[in-house]
Amino acid sequence: MNQMVTCAEMKEIERKANESGLSYYRMMENAGKSAVKVIIDKLQASKNKKDSVINNINAVIFCGKGNNGGDGYVAARELALKGMDVAVIMADGNPKTEDAVKNANIVLRRGIPVIDAKAYFHVIPEIVQASDLVVDAICGTGFHGVLSENVRACTKLINETCHKNDSSIIKLVFALDIPTGLNGDEGKPDTDSVVADYTIAFHRIKPVHSLAEAAPYCGEIVAVDIGID
């Protein structure tokens, strides 16, 4: 699980797994569910409890339009099934990939609030302020270049709301695979990259997870299984 792969290698690993019968949809399902297990474990540890701590917990999931966002939609519905109050923020518009669209539709059918950041950004700060934890599922390995205006507004909000200037934690932030704003192979953090307390790497860690310049953004890194042999 600790073996490192580049983003291109991970894409090829997923392609071969899909051809061998583990569909992309199933990998997304497994990724979201594995992330939820980590989130609940870390939430319990932060409260120094091993029993249920999910009652009256508010979670906000920021989802991008690609497959990382799809992982976030799975995590959103799984957290809701566990009893959390969940809201989803579409940080970069509607989902575009087939599997992300499917999981977004499941979230909508289950009555979980989904808010378009571009159209309704003015309501999002209050939602994040009232949350106990935030999940960054915006870009993942798909980020290259510069954050879009809408995404940057979301990442800045996460950082400003969840951490004090002295870096102390106000609410937990979990990044799925890679914190938004980091290049998966080279790091190159954007000034508004998400500062996560935990980064949940899917299947294998990526080069960015070992870079010193990325460490302040990744926090503790936990690699999880998504069903690939």
# chains A, B, ... in the order shown; residues from 1 in each chain; ligands from 1
call {"tool": "closest_atom_pairs", "arguments": {"of": "segment 101-152 of chain A", "to": "segment 198-216 of chain A", "cutoff": "10 Å", "atoms": "only C-alpha atoms", "output": "CSV"}}
result
residue,atom,partner,partner_atom,distance
A:Val135,CA,A:Tyr198,CA,9.6
A:Asp136,CA,A:Thr199,CA,9.2
A:Gly140,CA,A:Ala201,CA,9.5
A:Thr141,CA,A:Lys206,CA,8.8
call {"tool": "residues_around", "arguments": {"residues": "Cys7 of chain A", "least_positions_apart": "2", "cutoff": "9 Å", "atoms": "only C-alpha atoms", "output": "MDAnalysis selection string"}}
result
chainID A and resid 5 9:12 141:142 184:185 206:207
call {"tool": "select_by_dssp", "arguments": {"residues": "segment 13-127 of chain A", "states": "helix (DSSP H, G or I)", "output": "ChimeraX atom specification"}}
result
/A:13-19,24-46,67-81,98-109,117-127
call {"tool": "write_last_selection", "arguments": {"atoms": "C-alpha atoms", "output": "mmCIF file, in the first residue's frame"}}
result
data_model
loop_
_atom_site.group_PDB
_atom_site.id
_atom_site.type_symbol
_atom_site.label_atom_id
_atom_site.label_comp_id
_atom_site.auth_asym_id
_atom_site.auth_seq_id
_atom_site.Cartn_x
_atom_site.Cartn_y
_atom_site.Cartn_z
ATOM 1 C CA ILE A 13 -3.420 0.832 -13.164
ATOM 2 C CA GLU A 14 -7.074 1.878 -13.093
ATOM 3 C CA ARG A 15 -7.460 1.208 -16.818
ATOM 4 C CA LYS A 16 -6.104 -2.320 -16.448
ATOM 5 C CA ALA A 17 -8.283 -2.955 -13.393
ATOM 6 C CA ASN A 18 -11.337 -1.818 -15.353
ATOM 7 C CA GLU A 19 -10.451 -4.175 -18.213
ATOM 8 C CA TYR A 24 -14.314 2.550 -12.748
ATOM 9 C CA TYR A 25 -17.665 2.961 -11.022
ATOM 10 C CA ARG A 26 -16.780 0.266 -8.454
ATOM 11 C CA MET A 27 -13.378 1.862 -7.842
ATOM 12 C CA MET A 28 -15.123 5.177 -7.192
ATOM 13 C CA GLU A 29 -17.551 3.470 -4.844
ATOM 14 C CA ASN A 30 -14.698 1.781 -2.991
ATOM 15 C CA ALA A 31 -12.714 5.023 -2.777
ATOM 16 C CA GLY A 32 -15.593 6.971 -1.262
ATOM 17 C CA LYS A 33 -16.427 4.256 1.249
ATOM 18 C CA SER A 34 -12.786 3.802 2.270
ATOM 19 C CA ALA A 35 -12.479 7.559 2.755
ATOM 20 C CA VAL A 36 -15.503 7.559 5.053
ATOM 21 C CA LYS A 37 -13.927 4.875 7.234
ATOM 22 C CA VAL A 38 -10.840 7.052 7.679
ATOM 23 C CA ILE A 39 -12.930 10.149 8.362
ATOM 24 C CA ILE A 40 -14.923 8.440 11.089
ATOM 25 C CA ASP A 41 -11.806 6.874 12.641
ATOM 26 C CA LYS A 42 -10.003 10.221 12.763
ATOM 27 C CA LEU A 43 -13.094 12.004 14.056
ATOM 28 C CA GLN A 44 -13.385 9.473 16.871
ATOM 29 C CA ALA A 45 -9.694 9.873 17.685
ATOM 30 C CA SER A 46 -9.990 13.668 17.762
ATOM 31 C CA ASN A 67 -13.864 11.748 -10.804
ATOM 32 C CA ASN A 68 -12.379 13.189 -7.621
ATOM 33 C CA GLY A 69 -15.700 14.951 -7.230
ATOM 34 C CA GLY A 70 -17.382 11.611 -7.887
ATOM 35 C CA ASP A 71 -15.453 10.130 -4.960
ATOM 36 C CA GLY A 72 -16.751 13.051 -2.914
ATOM 37 C CA TYR A 73 -20.363 12.373 -3.868
ATOM 38 C CA VAL A 74 -19.958 8.768 -2.707
ATOM 39 C CA ALA A 75 -18.437 9.972 0.567
ATOM 40 C CA ALA A 76 -21.286 12.454 1.003
ATOM 41 C CA ARG A 77 -24.020 9.850 0.791
ATOM 42 C CA GLU A 78 -22.096 7.396 2.945
ATOM 43 C CA LEU A 79 -21.584 10.010 5.663
ATOM 44 C CA ALA A 80 -25.293 10.815 5.474
ATOM 45 C CA LEU A 81 -26.116 7.116 5.841
ATOM 46 C CA GLU A 98 -20.183 9.530 -16.351
ATOM 47 C CA ASP A 99 -19.569 7.959 -12.952
ATOM 48 C CA ALA A 100 -19.476 11.299 -11.139
ATOM 49 C CA VAL A 101 -22.850 12.185 -12.697
ATOM 50 C CA LYS A 102 -24.306 8.873 -11.517
ATOM 51 C CA ASN A 103 -23.180 9.423 -7.942
ATOM 52 C CA ALA A 104 -24.272 13.047 -7.924
ATOM 53 C CA ASN A 105 -27.738 11.921 -8.976
ATOM 54 C CA ILE A 106 -27.844 9.434 -6.096
ATOM 55 C CA VAL A 107 -27.005 12.240 -3.692
ATOM 56 C CA LEU A 108 -29.781 14.388 -5.127
ATOM 57 C CA ARG A 109 -32.343 11.567 -4.978
ATOM 58 C CA ALA A 117 -20.755 27.627 -5.582
ATOM 59 C CA LYS A 118 -20.831 29.933 -8.590
ATOM 60 C CA ALA A 119 -24.515 30.782 -8.236
ATOM 61 C CA TYR A 120 -24.870 30.735 -4.461
ATOM 62 C CA PHE A 121 -21.448 31.394 -3.004
ATOM 63 C CA HIS A 122 -22.904 33.948 -0.598
ATOM 64 C CA VAL A 123 -24.575 31.180 1.447
ATOM 65 C CA ILE A 124 -21.551 28.887 1.619
ATOM 66 C CA PRO A 125 -19.454 30.649 4.299
ATOM 67 C CA GLU A 126 -22.207 30.214 6.870
ATOM 68 C CA ILE A 127 -22.558 26.524 5.969
#
call {"tool": "select_by_dssp", "arguments": {"residues": "segment 10-180 of chain A", "states": "strand (DSSP E or B)", "output": "VMD selection string"}}
result
chain A and resid 58 to 63 85 to 91 93 114 to 116 133 to 137 163 169 172 to 176
call {"tool": "residues_around", "arguments": {"residues": "Gly181 of chain A", "least_positions_apart": "4", "cutoff": "9 Å", "atoms": "only C-alpha atoms", "output": "PyMOL selection string"}}
result
chain A and resi 139-140+143-147+152+155+187-194
call {"tool": "residues_around", "arguments": {"residues": "Lys65 of chain A", "least_positions_apart": "5", "cutoff": "7 Å", "atoms": "only C-alpha atoms", "output": "ChimeraX atom specification"}}
result
/A:92-96
call {"tool": "write_last_selection", "arguments": {"atoms": "N, CA, C and O atoms", "output": "CSV table (one decimal), in the first residue's frame"}}
result
chain,number,residue,atom,x,y,z
A,92,ASP,N,-17.0,23.6,-8.8
A,92,ASP,CA,-16.6,23.9,-10.2
A,92,ASP,C,-17.7,23.5,-11.2
A,92,ASP,O,-17.4,23.1,-12.3
A,93,GLY,N,-18.9,23.7,-10.8
A,93,GLY,CA,-20.1,23.4,-11.7
A,93,GLY,C,-20.5,21.9,-11.6
A,93,GLY,O,-20.1,21.1,-10.7
A,94,ASN,N,-21.4,21.6,-12.5
A,94,ASN,CA,-22.0,20.2,-12.5
A,94,ASN,C,-20.9,19.2,-12.9
A,94,ASN,O,-20.0,19.5,-13.6
A,95,PRO,N,-21.1,18.0,-12.3
A,95,PRO,CA,-20.2,16.9,-12.7
A,95,PRO,C,-20.2,16.6,-14.2
A,95,PRO,O,-21.2,16.7,-14.8
A,96,LYS,N,-19.0,16.2,-14.7
A,96,LYS,CA,-18.9,16.0,-16.2
A,96,LYS,C,-18.7,14.5,-16.5
A,96,LYS,O,-19.0,14.1,-17.6
call {"tool": "residues_around", "arguments": {"residues": "Ala130 of chain A", "least_positions_apart": "3", "cutoff": "12 Å", "atoms": "only C-alpha atoms", "output": "list in words"}}
result
Asn56, Ile57, Asn58, Ala59, Val60, Asp85, Val86, Ala87, Val123, Ile124, Pro125, Glu126, Ile127, Leu133, Val134, Thr161, Cys162, Ile170 and Lys171 of chain A
call {"tool": "atom_distance", "arguments": {"atom1": "atom CA of Ser148 of chain A", "atom2": "atom CA of Met4 of chain A"}}
result
28.5 Å
call {"tool": "closest_residue", "arguments": {"among": "A:Leu176, A:Ala137, A:Ile115, A:Ile226", "to": "Gly66 of chain A", "atoms": "only C-alpha atoms"}}
result
A:Ala137
call {"tool": "atom_distance", "arguments": {"atom1": "atom CA of Thr180 of chain A", "atom2": "atom CA of Asp197 of chain A"}}
result
13.0 Å
